[in-house]
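Visitor: Compact mmCIF, C-alpha atoms, saved as my_file_25.txt, coming up:
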# COMPACT_ATOMS: atom_id res chain seq x y z
CA MET R 95 -11.71 0.77 14.55
CA GLU R 96 -14.53 -1.21 13.09
CA GLU R 97 -15.43 -4.17 15.24
CA ARG R 98 -15.12 -7.49 13.48
CA LYS R 99 -16.12 -10.91 14.67
CA ALA R 100 -13.56 -13.65 14.82
CA GLY R 101 -13.12 -15.18 11.42
CA GLU R 102 -15.14 -12.53 9.65
CA GLN R 103 -13.77 -11.64 6.24
CA GLY R 104 -13.81 -8.62 4.02
CA SER R 105 -14.63 -8.83 0.34
CA ARG R 106 -12.54 -11.39 -1.45
CA GLY R 107 -11.99 -12.85 -4.85
CA ALA R 108 -11.09 -16.28 -6.06
CA GLY R 109 -7.67 -17.63 -6.74
CA ASP R 110 -5.89 -17.03 -3.48
CA THR R 111 -6.12 -20.41 -1.84
CA GLY R 112 -4.37 -22.53 -4.39
CA MET R 113 -7.60 -24.46 -4.86
CA GLU R 114 -10.32 -24.49 -7.42
CA GLN R 115 -12.86 -22.00 -6.14
CA PRO R 116 -16.58 -22.52 -6.46
CA ALA R 117 -18.31 -19.84 -8.48
CA ALA R 118 -19.59 -18.04 -5.40
CA ALA R 119 -16.08 -18.00 -3.92
CA GLN R 120 -17.52 -19.33 -0.69
CA GLU R 121 -15.66 -22.16 0.95
CA PRO R 122 -17.76 -24.97 2.36
CA GLU R 123 -17.62 -25.32 6.12
CA ALA R 124 -15.46 -28.42 5.63
CA PHE R 125 -12.65 -26.18 4.36
CA LYS R 126 -12.62 -23.90 7.38
CA VAL R 127 -9.50 -24.10 9.48
CA LEU R 128 -9.54 -23.84 13.23
CA LEU R 129 -6.74 -21.61 14.51
CA ARG R 130 -5.53 -20.73 17.93
CA ARG R 131 -3.12 -18.09 19.14
CA VAL R 132 0.48 -19.08 19.74
CA LYS R 133 1.20 -18.70 23.42
CA GLY R 134 3.85 -16.16 24.31
CA VAL R 135 3.48 -14.21 21.06
CA GLU R 136 2.05 -10.70 21.23
CA PRO R 137 -1.59 -10.95 20.07
CA LEU R 138 -2.08 -9.91 16.47
CA THR R 139 -4.79 -7.37 15.72
CA CYS R 140 -4.41 -7.43 11.95
CA VAL R 141 -3.14 -9.98 9.44
CA SER R 142 -2.88 -9.26 5.73
CA VAL R 143 -4.05 -11.98 3.39
CA GLU R 144 -3.32 -12.33 -0.31
CA ASP R 145 -6.58 -12.01 -2.16
CA GLY R 146 -6.14 -12.32 -5.87
CA ARG R 147 -4.60 -9.08 -7.09
CA SER R 148 -4.92 -7.25 -3.78
CA MET R 149 -4.57 -7.86 -0.08
CA ARG R 150 -7.37 -7.98 2.41
CA GLN R 151 -7.03 -7.61 6.13
CA TRP R 152 -8.22 -10.02 8.78
CA TYR R 153 -8.87 -8.45 12.18
CA PRO R 154 -8.96 -11.26 14.75
CA ASP R 155 -11.04 -10.51 17.81
CA PRO R 156 -8.43 -9.59 20.43
CA THR R 157 -10.46 -11.30 23.15
CA ALA R 158 -10.89 -14.59 21.29
CA GLU R 159 -8.50 -17.52 21.47
CA VAL R 160 -9.87 -19.77 18.74
CA PHE R 161 -10.82 -18.75 15.22
CA GLU R 162 -12.49 -20.46 12.29
CA VAL R 163 -11.15 -19.07 9.04
CA ASP R 164 -10.77 -19.90 5.38
CA ILE R 165 -7.60 -21.54 4.11
CA ALA R 166 -5.98 -18.40 2.70
CA THR R 167 -6.48 -16.56 5.96
CA ALA R 168 -5.22 -19.53 7.92
CA ARG R 169 -2.08 -19.72 5.83
CA ALA R 170 -1.34 -16.01 6.26
CA ALA R 171 -2.12 -16.16 9.97
CA VAL R 172 0.21 -19.11 10.52
CA ASP R 173 2.93 -17.44 8.44
CA SER R 174 2.63 -14.37 10.67
CA GLY R 175 3.83 -16.47 13.60
CA GLY R 176 0.96 -15.44 15.84
CA PHE R 177 -1.34 -18.39 15.13
CA GLU R 178 -1.17 -22.13 14.76
CA VAL R 179 -3.63 -24.73 13.56
CA ASP R 180 -5.68 -26.02 16.45
CA PRO R 181 -5.29 -29.79 16.89
CA LYS R 182 -9.10 -30.01 16.78
CA SER R 183 -9.17 -28.56 13.27
CA ARG R 184 -10.47 -31.04 10.71
CA VAL R 185 -8.56 -29.21 7.97
CA LYS R 186 -4.79 -29.03 8.25
CA LEU R 187 -2.37 -26.83 6.36
CA LYS R 188 0.39 -28.49 4.41
CA THR R 189 3.68 -26.75 4.86
CA GLY R 190 5.29 -25.12 1.87
CA GLY R 191 2.76 -26.39 -0.62
CA GLU R 192 -0.82 -26.49 -1.65
CA GLN R 193 -3.57 -27.45 0.72
CA MET E 7 -5.71 35.18 0.81
CA ALA E 8 -3.59 35.67 3.92
CA GLY E 9 -5.25 32.94 5.90
CA THR E 10 -5.34 30.36 3.16
CA ILE E 11 -2.82 27.88 4.51
CA LYS E 12 -4.15 28.26 8.05
CA ALA E 13 -7.73 27.72 6.91
CA TYR E 14 -6.90 24.93 4.49
CA ARG E 15 -8.06 21.59 5.86
CA THR E 16 -8.23 18.07 4.62
CA ALA E 17 -10.58 15.66 6.35
CA LEU E 18 -9.47 12.04 6.34
CA LEU E 19 -9.36 8.85 8.38
CA THR E 20 -5.95 7.30 8.94
CA THR E 21 -7.24 3.95 10.20
CA ALA E 22 -9.38 3.10 7.18
CA ALA E 23 -9.27 2.40 3.47
CA GLU E 24 -11.96 2.30 0.83
CA ALA E 25 -13.51 -1.17 0.80
CA VAL E 26 -13.99 -0.82 -2.94
CA TYR E 27 -11.84 1.43 -5.08
CA GLY E 28 -13.52 4.76 -5.76
CA VAL E 29 -16.46 4.18 -3.40
CA GLN E 30 -16.00 6.97 -0.92
CA ILE E 31 -15.56 6.53 2.80
CA ALA E 32 -18.70 8.11 4.25
CA ASP E 33 -18.48 11.80 5.08
CA GLY E 34 -19.25 11.11 8.71
CA SER E 35 -16.21 8.84 9.03
CA LEU E 36 -13.72 11.44 7.78
CA THR E 37 -13.16 12.82 11.25
CA GLN E 38 -9.43 13.48 11.28
CA TRP E 39 -7.33 16.36 10.03
CA VAL E 40 -3.55 16.62 9.64
CA GLU E 41 -1.93 19.97 8.98
CA VAL E 42 0.14 20.30 5.83
CA ASN E 43 2.89 22.83 5.12
CA GLU E 44 1.84 24.04 1.71
CA PHE E 45 -1.41 25.06 0.03
CA GLU E 46 -1.60 22.45 -2.70
CA PRO E 47 -5.23 21.77 -3.57
CA GLY E 48 -6.17 18.80 -5.70
CA LYS E 49 -5.83 19.17 -9.45
CA THR E 50 -7.76 17.33 -12.11
CA GLU E 51 -6.29 16.49 -15.49
CA LYS E 52 -8.73 15.77 -18.28
CA THR E 53 -8.40 14.44 -21.77
CA TYR E 54 -10.87 15.10 -24.55
CA ARG E 55 -11.93 13.68 -27.83
CA THR E 56 -11.83 16.66 -30.13
CA ASP E 57 -11.61 17.55 -33.77
CA ALA E 58 -9.78 20.81 -33.05
CA GLY E 59 -6.68 19.64 -34.90
CA ARG E 60 -8.63 18.81 -38.04
CA ILE E 61 -10.65 22.00 -38.44
CA LYS E 62 -9.73 24.23 -41.33
CA GLY E 63 -11.78 27.37 -41.78
CA VAL E 64 -15.40 27.67 -40.77
CA ARG E 65 -17.02 24.27 -40.44
CA GLY E 66 -19.15 24.70 -37.36
CA ILE E 67 -18.55 24.27 -33.69
CA THR E 68 -15.46 22.38 -32.52
CA GLN E 69 -16.26 19.00 -31.05
CA ARG E 70 -15.01 18.39 -27.55
CA GLN E 71 -16.02 15.40 -25.45
CA LEU E 72 -14.57 14.41 -22.09
CA GLU E 73 -12.71 11.12 -22.43
CA SER E 74 -10.99 10.62 -19.12
CA ALA E 75 -10.03 12.38 -15.91
CA MET E 76 -7.35 11.76 -13.34
CA GLY E 77 -6.44 13.73 -10.23
CA THR E 78 -3.24 14.63 -8.44
CA MET E 79 -2.69 16.02 -4.95
CA PRO E 80 0.84 16.66 -3.70
CA ARG E 81 1.33 16.94 0.04
CA GLN E 82 4.16 18.18 2.25
CA MET E 83 4.23 18.22 6.01
CA ASP E 84 6.54 17.83 8.95
CA ALA E 85 6.98 14.08 9.32
CA SER E 86 5.22 12.25 12.11
CA VAL E 87 5.19 8.60 13.12
CA GLU E 88 1.44 8.36 12.73
CA VAL E 89 1.20 9.76 9.20
CA ILE E 90 4.21 7.78 7.96
CA THR E 91 2.63 4.56 9.27
CA TRP E 92 -0.73 5.35 7.71
CA LEU E 93 0.82 6.06 4.31
CA LEU E 94 3.05 2.98 4.37
CA ALA E 95 0.04 0.81 5.19
CA LEU E 96 -2.01 2.30 2.36
CA GLY E 97 0.78 2.07 -0.16
CA LEU E 98 2.29 -1.29 0.68
CA THR E 99 -0.92 -2.95 2.03
CA ASN E 100 0.97 -5.86 3.62
CA VAL E 101 0.49 -5.06 7.30
CA ALA E 102 0.61 -7.22 10.40
CA SER E 103 -0.35 -5.49 13.63
CA ALA E 104 0.16 -6.74 17.16
CA GLY E 105 -0.35 -5.65 20.73
CA THR E 106 -2.85 -5.39 23.54
CA VAL E 107 -2.34 -1.80 24.67
CA ASP E 108 -0.74 1.34 23.30
CA PRO E 109 1.74 1.16 21.59
CA TRP E 110 0.71 -1.31 18.94
CA THR E 111 3.39 -2.62 16.61
CA HIS E 112 2.81 -2.62 12.86
CA THR E 113 5.10 -4.64 10.63
CA ILE E 114 4.74 -3.44 7.07
CA LYS E 115 6.29 -5.31 4.19
CA HIS E 116 6.22 -4.96 0.46
CA PRO E 117 3.22 -6.59 -1.20
CA PRO E 118 3.57 -10.18 -2.44
CA VAL E 119 4.28 -10.69 -6.10
CA CYS E 120 0.65 -11.32 -7.06
CA THR E 121 -0.59 -8.15 -5.37
CA LEU E 122 -1.00 -5.44 -7.97
CA VAL E 123 -3.37 -3.05 -6.26
CA PRO E 124 -2.62 -0.53 -3.49
CA LYS E 125 -5.31 0.58 -1.04
CA SER E 126 -7.26 3.73 -1.66
CA THR E 127 -8.85 6.33 0.58
CA SER E 128 -11.16 9.35 0.45
CA LEU E 129 -10.40 12.96 1.37
CA VAL E 130 -12.45 16.12 1.66
CA GLU E 131 -10.53 19.36 1.38
CA GLY E 132 -11.52 22.96 1.62
CA ILE E 133 -10.68 26.44 2.77
CA VAL E 134 -12.71 26.54 5.94
CA CYS E 135 -13.86 30.16 5.91
CA SER E 136 -17.37 31.51 6.03
CA GLY E 137 -19.01 31.60 2.62
CA LEU E 138 -16.61 29.19 0.95
CA THR E 139 -18.49 25.94 1.48
CA ALA E 140 -19.00 25.53 -2.26
CA GLY E 141 -15.25 24.96 -2.43
CA TYR E 142 -15.38 21.90 -0.18
CA LYS E 143 -14.45 19.04 -2.49
CA LEU E 144 -14.45 15.30 -2.09
CA PHE E 145 -11.62 13.32 -3.70
CA LYS E 146 -11.93 9.55 -3.74
CA GLY E 147 -9.98 6.62 -5.05
CA CYS E 148 -6.85 8.30 -3.64
CA VAL E 149 -3.74 6.12 -3.81
CA ILE E 150 -0.14 7.04 -3.10
CA GLU E 151 2.12 7.51 -6.08
CA GLN E 152 5.29 8.49 -4.25
CA LEU E 153 6.38 8.99 -0.66
CA SER E 154 9.59 10.52 0.69
CA ILE E 155 10.99 10.98 4.17
CA GLU E 156 13.81 13.48 4.30
CA MET E 157 16.10 14.45 7.15
CA ASP E 158 18.66 17.25 6.92
CA GLY E 159 20.61 18.01 10.08
CA LYS E 160 18.70 18.53 13.29
CA GLY E 161 15.66 20.17 11.72
CA ALA E 162 12.17 18.78 11.32
CA VAL E 163 12.06 15.64 9.20
CA LYS E 164 10.06 16.36 6.07
CA LEU E 165 7.41 14.08 4.66
CA GLY E 166 6.20 14.46 1.10
CA TRP E 167 3.82 12.36 -0.91
CA THR E 168 1.55 12.53 -3.91
CA TRP E 169 -1.99 11.24 -4.14
CA LYS E 170 -3.46 10.07 -7.38
CA THR E 171 -7.25 10.28 -7.37
CA ASP E 172 -9.90 8.79 -9.61
CA GLY E 173 -10.32 12.20 -11.24
CA SER E 174 -13.70 13.04 -9.79
CA GLU E 175 -14.26 16.10 -7.63
CA THR E 176 -17.56 16.37 -5.78
CA THR E 177 -18.77 19.48 -3.96
CA LYS E 178 -19.58 18.80 -0.31
CA GLY E 179 -21.13 22.11 0.70
CA SER E 180 -22.59 20.84 3.95
CA PHE E 181 -19.51 18.96 5.11
CA THR E 182 -18.38 19.51 8.71
CA PHE E 183 -14.61 19.61 9.01
CA PRO E 184 -12.79 18.40 12.11
CA THR E 185 -12.07 21.33 14.40
CA SER E 186 -8.78 20.08 15.81
CA THR E 187 -5.79 18.42 14.23
CA LEU E 188 -4.88 14.83 14.88
CA ALA E 189 -2.40 14.41 17.74
CA LEU E 190 0.86 13.58 16.00
CA THR E 191 4.36 12.70 17.14
CA TYR E 192 6.60 14.88 15.02
CA LEU E 193 10.11 13.76 14.13
CA LEU E 194 13.37 15.73 14.24
CA GLY E 195 16.68 14.97 12.61
CA SER E 196 18.16 14.24 16.00
CA MET E 197 15.69 11.37 16.43
CA LEU E 198 17.22 9.35 13.60
CA THR E 199 19.69 6.56 14.30
CA LEU E 200 21.40 4.97 11.31
CA GLU E 201 23.18 1.65 11.60
CA LEU E 202 25.09 0.00 8.82
CA HIS E 203 27.02 -3.21 9.04
CA PRO E 204 28.33 -6.06 6.93
CA ASN E 205 25.98 -9.04 7.09
CA GLY E 206 27.18 -11.24 9.88
CA GLY E 207 29.45 -8.52 11.22
CA GLY E 208 29.21 -6.04 14.05
CA SER E 209 26.92 -3.04 13.82
CA ILE E 210 28.36 0.38 13.10
CA ASP E 211 26.30 3.31 14.33
CA ILE E 212 27.03 6.12 11.89
CA THR E 213 24.49 8.51 13.37
CA SER E 214 27.20 10.82 14.66
CA LEU E 215 28.50 11.27 11.09
CA LEU E 216 25.14 11.71 9.45
CA ASN E 217 24.39 14.99 7.66
CA SER E 218 21.32 14.04 5.69
CA PHE E 219 19.15 11.03 4.93
CA LYS E 220 16.33 10.40 2.50
CA ILE E 221 14.06 7.45 1.79
CA THR E 222 11.85 7.49 -1.28
CA LEU E 223 9.18 4.91 -1.98
CA ASN E 224 7.97 4.97 -5.52
CA PHE E 225 4.70 3.16 -6.15
CA ASN E 226 4.56 4.39 -9.74
CA VAL E 227 0.83 3.73 -9.83
CA GLN E 228 -0.76 3.40 -13.23
CA PRO E 229 -4.47 3.68 -14.03
CA ARG E 230 -6.09 0.44 -15.05
CA LYS E 231 -6.81 0.28 -18.74
CA THR E 232 -10.34 -1.01 -18.37
CA SER E 233 -12.87 1.27 -20.02
CA SER E 234 -15.32 0.72 -17.10
CA SER E 235 -18.51 2.71 -17.19
CA SER E 236 -17.30 6.22 -16.56
CA VAL E 237 -14.61 8.68 -17.58
CA PHE E 238 -12.94 8.35 -14.19
CA VAL E 239 -10.07 6.03 -13.26
CA SER E 240 -11.45 2.58 -12.42
CA GLY E 241 -8.45 1.66 -10.28
CA TYR E 242 -4.70 1.97 -9.98
CA ARG E 243 -2.07 -0.74 -10.16
CA TYR E 244 1.56 -0.67 -9.15
CA GLY E 245 3.72 0.17 -12.13
CA GLY E 246 6.44 -2.10 -13.44
CA ASP E 247 8.98 -3.12 -10.78
CA ALA E 248 7.17 -0.96 -8.21
CA PRO E 249 7.02 -0.36 -5.34
CA THR E 250 10.69 0.51 -5.05
CA VAL E 251 12.74 1.90 -2.19
CA ASP E 252 15.58 4.35 -2.74
CA ILE E 253 17.76 5.39 0.16
CA GLU E 254 20.41 8.09 0.09
CA PHE E 255 22.45 9.57 2.87
CA GLN E 256 25.45 11.81 3.39
CA VAL E 257 28.04 11.36 6.13
CA SER E 258 30.93 13.52 7.22
CA ALA E 259 33.69 11.11 6.25
CA ASP E 260 36.25 10.51 3.54
CA LYS E 261 37.63 7.53 1.67
CA SER E 262 39.45 6.32 4.75
CA HIS E 263 36.17 5.40 6.45
CA ALA E 264 34.88 1.83 6.57
CA ILE E 265 31.81 2.92 4.60
CA TYR E 266 33.95 3.62 1.57
CA GLY E 267 35.49 0.17 1.98
CA TYR E 268 32.00 -1.33 1.75
CA HIS E 269 31.57 0.47 -1.55
CA GLU E 270 35.00 -0.60 -2.83
CA ASN E 271 34.49 -4.25 -1.91
CA ASP E 272 30.78 -4.51 -2.82
CA THR E 273 30.14 -5.73 0.71
CA LEU E 274 26.69 -7.12 1.41
CA LEU E 275 25.25 -4.91 4.14
CA THR E 276 22.37 -4.48 6.53
CA LEU E 277 20.97 -0.98 7.03
CA VAL E 278 18.67 -0.03 9.87
CA ALA E 279 17.22 3.47 10.05
CA THR E 280 15.35 4.20 13.27
CA PHE E 281 13.19 7.26 13.85
CA ASP E 282 12.38 7.16 17.54
CA ALA E 283 10.60 10.05 19.22
CA ASN E 284 11.73 8.72 22.62
CA VAL E 285 8.31 9.14 24.19
CA THR E 286 6.05 6.90 26.25
CA PRO E 287 4.05 5.12 24.91
CA ALA E 288 6.64 4.49 22.21
CA ARG E 289 6.31 6.17 18.82
CA SER E 290 8.84 5.03 16.27
CA VAL E 291 9.43 4.05 12.66
CA VAL E 292 12.17 1.59 11.79
CA CYS E 293 13.22 0.78 8.24
CA SER E 294 15.30 -2.40 7.98
CA VAL E 295 17.07 -3.37 4.80
CA SER E 296 18.62 -6.79 5.33
CA ASN E 297 20.53 -7.07 2.08
CA CYS E 298 21.99 -4.10 0.28
CA HIS E 299 25.07 -2.63 -1.33
CA ILE E 300 26.12 0.99 -1.17
CA ASN E 301 27.64 3.26 -3.71
CA ALA E 302 29.75 5.96 -2.06
CA GLU E 303 31.17 9.04 -3.72
CA GLU E 304 33.51 11.43 -2.02
CA ASP E 305 32.62 15.08 -2.22
CA ALA E 306 33.00 18.08 0.04
CA ASP E 307 30.80 20.65 1.65
CA ASP E 308 32.32 24.07 2.35
CA ILE E 309 34.69 22.80 4.99
CA GLU E 310 35.18 19.05 5.09
CA PRO E 311 34.97 15.96 2.92
CA VAL E 312 31.73 14.03 2.80
CA LEU E 313 30.60 10.71 1.39
CA ASN E 314 27.39 10.73 -0.61
CA CYS E 315 25.98 7.23 -0.36
CA LYS E 316 23.25 5.54 -2.36
CA VAL E 317 21.81 2.28 -1.12
CA SER E 318 20.91 -0.47 -3.56
CA PRO E 319 18.58 -2.83 -1.69
CA LEU E 320 18.11 -6.47 -2.67
CA ASP E 321 14.82 -8.29 -2.33
CA ILE E 322 14.56 -11.03 0.25
CA ALA E 323 11.86 -13.66 -0.05
CA ALA E 324 11.06 -13.62 3.68
CA ASN E 325 10.48 -9.88 3.53
CA THR E 326 8.59 -10.07 0.21
CA GLY E 327 10.77 -7.18 -0.86
CA PRO E 328 13.78 -5.04 -0.07
CA ALA E 329 12.73 -3.44 3.22
CA VAL E 330 10.62 -4.09 6.28
CA TRP E 331 9.08 -1.26 8.27
CA THR E 332 8.26 -1.60 11.94
CA CYS E 333 6.14 1.20 13.33
CA LYS E 334 4.82 1.78 16.84
CA THR E 335 1.69 3.92 17.11
CA GLY E 336 -1.42 4.32 19.23
CA VAL E 337 -3.61 2.71 16.57
CA ALA E 338 -4.55 -0.95 16.97
CA ALA E 339 -4.98 -1.67 13.26
CA TYR E 340 -4.99 0.10 9.91
CA LEU E 341 -6.80 -0.34 6.59
CA THR E 342 -10.22 -1.08 8.07
CA PRO E 343 -12.41 -1.30 4.96
CA LEU E 344 -15.14 1.33 5.05
CA PRO E 345 -17.92 2.27 2.70
Could you take the file, read its structure, and then write that structure out as structure tokens?

Guide:
Amino acid sequence: MEERKAGEQGSRGAGDTGMEQPAAAQEPEAFKVLLRRVKGVEPLTCVSVEDGRSMRQWYPDPTAEVFEVDIATARAAVDSGGFEVDPKSRVKLKTGGEQ
Amino acid sequence: MAGTIKAYRTALLTTAAEAVYGVQIADGSLTQWVEVNEFEPGKTEKTYRTDAGRIKGVRGITQRQLESAMGTMPRQMDASVEVITWLLALGLTNVASAGTVDPWTHTIKHPPVCTLVPKSTSLVEGIVCSGLTAGYKLFKGCVIEQLSIEMDGKGAVKLGWTWKTDGSETTKGSFTFPTSTLALTYLLGSMLTLELHPNGGGSIDITSLLNSFKITLNFNVQPRKTSSSSVFVSGYRYGGDAPTVDIEFQVSADKSHAIYGYHENDTLLTLVATFDANVTPARSVVCSVSNCHINAEEDADDIEPVLNCKVSPLDIAANTGPAVWTCKTGVAAYLTPLP
């Protein structure tokens, strides 16, 4: 399996975060969400993230505990039940709505 | 050729997917080989712009110009946990994997409503005999059109699927095929457990009555209409209402059985089909349908009455579709994007 660093993303398009995307589809650092694993849940090795018309996969480093990811990834990761937003994260996820 | 099916190989990589549709996974990464049951090499269908239908008498050479190409590759093999999981991941794309050691657990759901595009992969196939290297062909942009898992009695469970390719076929004369097949956990009819119960009610294990069982996933992939910059398919999308899941089974029972009552009363049911090879580390495939109705028809084989049952699944928001698959394999994660 290809090694991926924590928070590293595959190719992605705009339109998956519920936010206006800048032209380069790169989120400023301010929009990164800090995640941590939920204790007691089997560690996830792959999370699928909606990415426009397709899905991309996020492969969290199995040895890492904290991850800095974009909002779409954070939302999918939290929905998976294996991750939660770290209290230190400056960006929070609203539940059931737009960020 | 007597040795054709024995010498016929397809090189692939079950853990990966093309990062970009139609951009092949590198030759050096296609290091796995799974044996198939039939010799069914890839076929290419082409369409042409031509004036053949308008020619009357001698007017010069007929015009013929390649417009588009699309490929098809049917596959049949004895079903295994590993190949089923790989194909489900490629076709449905909505995978969550978990675990720290073998076995890893892969929960595969239907794609969300906005997801229109399945994952694609690359394959190299050939008859691996001396002097035939010119027949080694690369197929890329391969997506699954249909997948079926079929059990009939105690025999080997059969797996069938059809690839759609981008229509290109590239000779790979210097390709080195894997020399051994991928280690697979093959499934038998006796490894299937089928549970059916009214939602909120107690589970009924109908395995002991089960004669046959079939699941068909239809992705109904359609080529994108974009002209792109070549004659080949620029990508596939799921067709209307696809992917769909069809489940059929036959049990040795008559109209007195509770199953027929479910049909009569349109009872909302849960169906759980478990293929478990009963090995360590675990290798299993579980298909859970949380909301479904069944249609049962009484018939008879040579000796006794049977009920032929068709399952009509209902979508559930939490499952993003009608069924959830839970597979345990020795692979940590699927769909790694590769160039």

Visitor: Taking only C-alpha atoms into account, which of R:Leu138, R:Val127, R:Ala158, R:Val163 comes nearest chain E?

Guide: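 Using only C-alpha atoms, the shortest distance to chain E belongs to R:Leu138.
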
Visitor: For Arg169 (chain R), find every residue with an atom within 9 Å (counting all atoms listed in the file), except residues of its own chain fewer than 4 positions away, and show them as a list in words.

Guide: Thr111, Val143, Asp164, Ile165, Asp173, Ser174 and Leu187 of chain R

Visitor: Counting all atoms listed in the file, I want the residues whose atoms come within 12 Å of (2.0, 26.9, 0.7) in the file frame, returned as a CSV table (one decimal) with C-alpha atoms, in the coordinates of the input.

Guide:
chain,number,residue,atom,x,y,z
E,7,MET,CA,-5.7,35.2,0.8
E,8,ALA,CA,-3.6,35.7,3.9
E,9,GLY,CA,-5.2,32.9,5.9
E,10,THR,CA,-5.3,30.4,3.2
E,11,ILE,CA,-2.8,27.9,4.5
E,12,LYS,CA,-4.2,28.3,8.0
E,13,ALA,CA,-7.7,27.7,6.9
E,14,TYR,CA,-6.9,24.9,4.5
E,41,GLU,CA,-1.9,20.0,9.0
E,42,VAL,CA,0.1,20.3,5.8
E,43,ASN,CA,2.9,22.8,5.1
E,44,GLU,CA,1.8,24.0,1.7
E,45,PHE,CA,-1.4,25.1,0.0
E,46,GLU,CA,-1.6,22.4,-2.7
E,47,PRO,CA,-5.2,21.8,-3.6
E,80,PRO,CA,0.8,16.7,-3.7
E,81,ARG,CA,1.3,16.9,0.0
E,82,GLN,CA,4.2,18.2,2.2
E,83,MET,CA,4.2,18.2,6.0

Visitor: Compile the contact shell of region 324-330 of chain E as a PyMOL selection string: residues with an atom at most 10 Å away, counting only C-alpha atoms, same-chain residues fewer than 5 positions apart removed.

Guide: chain E and resi 100+113-119+249-252+277-278+292-298+318-319

Visitor: Specify as a PyMOL selection string all residues of chain E found within 6 Å of chain R, counting all atoms listed in the file.

Guide: chain E and resi 100-105+120-123+339

Visitor: Limited to C-alpha atoms, could you put the picked residues into a file as a PDB file, keeping the file's coordinate frame?

Guide:
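Output saved as out-v6.pdb:
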ATOM      1  CA  ASN E 100       0.970  -5.860   3.620  1.00  0.00           C
ATOM      2  CA  VAL E 101       0.490  -5.060   7.300  1.00  0.00           C
ATOM      3  CA  ALA E 102       0.610  -7.220  10.400  1.00  0.00           C
ATOM      4  CA  SER E 103      -0.350  -5.490  13.630  1.00  0.00           C
ATOM      5  CA  ALA E 104       0.160  -6.740  17.160  1.00  0.00           C
ATOM      6  CA  GLY E 105      -0.350  -5.650  20.730  1.00  0.00           C
ATOM      7  CA  CYS E 120       0.650 -11.320  -7.060  1.00  0.00           C
ATOM      8  CA  THR E 121      -0.590  -8.150  -5.370  1.00  0.00           C
ATOM      9  CA  LEU E 122      -1.000  -5.440  -7.970  1.00  0.00           C
ATOM     10  CA  VAL E 123      -3.370  -3.050  -6.260  1.00  0.00           C
ATOM     11  CA  ALA E 339      -4.980  -1.670  13.260  1.00  0.00           C
TER      12      ALA E 339
END

Visitor: Suppose you want the space between CA of Thr99 (chain E) and CA of Arg243 (chain E); what is it in Å?

Guide: 12.4 Å

Visitor: Please measure the separation of CA of Lys160 (chain E) and CA of Leu194 (chain E), giving the value in Å to one decimal.

Guide: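 CA of Lys160 (chain E) sits 6.1 Å away from CA of Leu194 (chain E).
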
Visitor: What's the 10 Å shell around Leu313 (chain E), counting only C-alpha atoms, without same-chain residues fewer than 4 positions away, as a PyMOL selection string?

Guide: chain E and resi 215-217+255-261+263+265-266+301-307

Visitor: As an exercise, work out the distance from CA of Pro229 (chain E) to CA of Leu344 (chain E) in Å and give it to one decimal place.

Guide: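 These two atoms are separated by 22.0 Å.
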
Visitor: Leaving out Tyr54 (chain E) and any residue of its chain fewer than 4 positions from it, which residues lie within 12 Å of it when counting all atoms listed in the file, given as an NGL selection string?

Guide: :E and (58 or 68-75 or 237)

Visitor: Using all atoms listed in the file and a cutoff of 6 Å, can you tell me which residues are near (-2.7, -20.3, 15.5) in the file's coordinates, and write them out as JSON, numbers by chain?

Guide: {"R": [129, 130, 131, 132, 172, 177, 178, 179]}

Visitor: Residues near Lys170 (chain E), anyone? I mean within 7 Å using only C-alpha atoms, not counting same-chain ones fewer than 6 positions away, as a list of chain:residue names.

Guide: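 Listed by chain and then number, they are E:Gly77, E:Thr78, E:Met79, E:Cys148, E:Val149, E:Ile150, E:Glu151.
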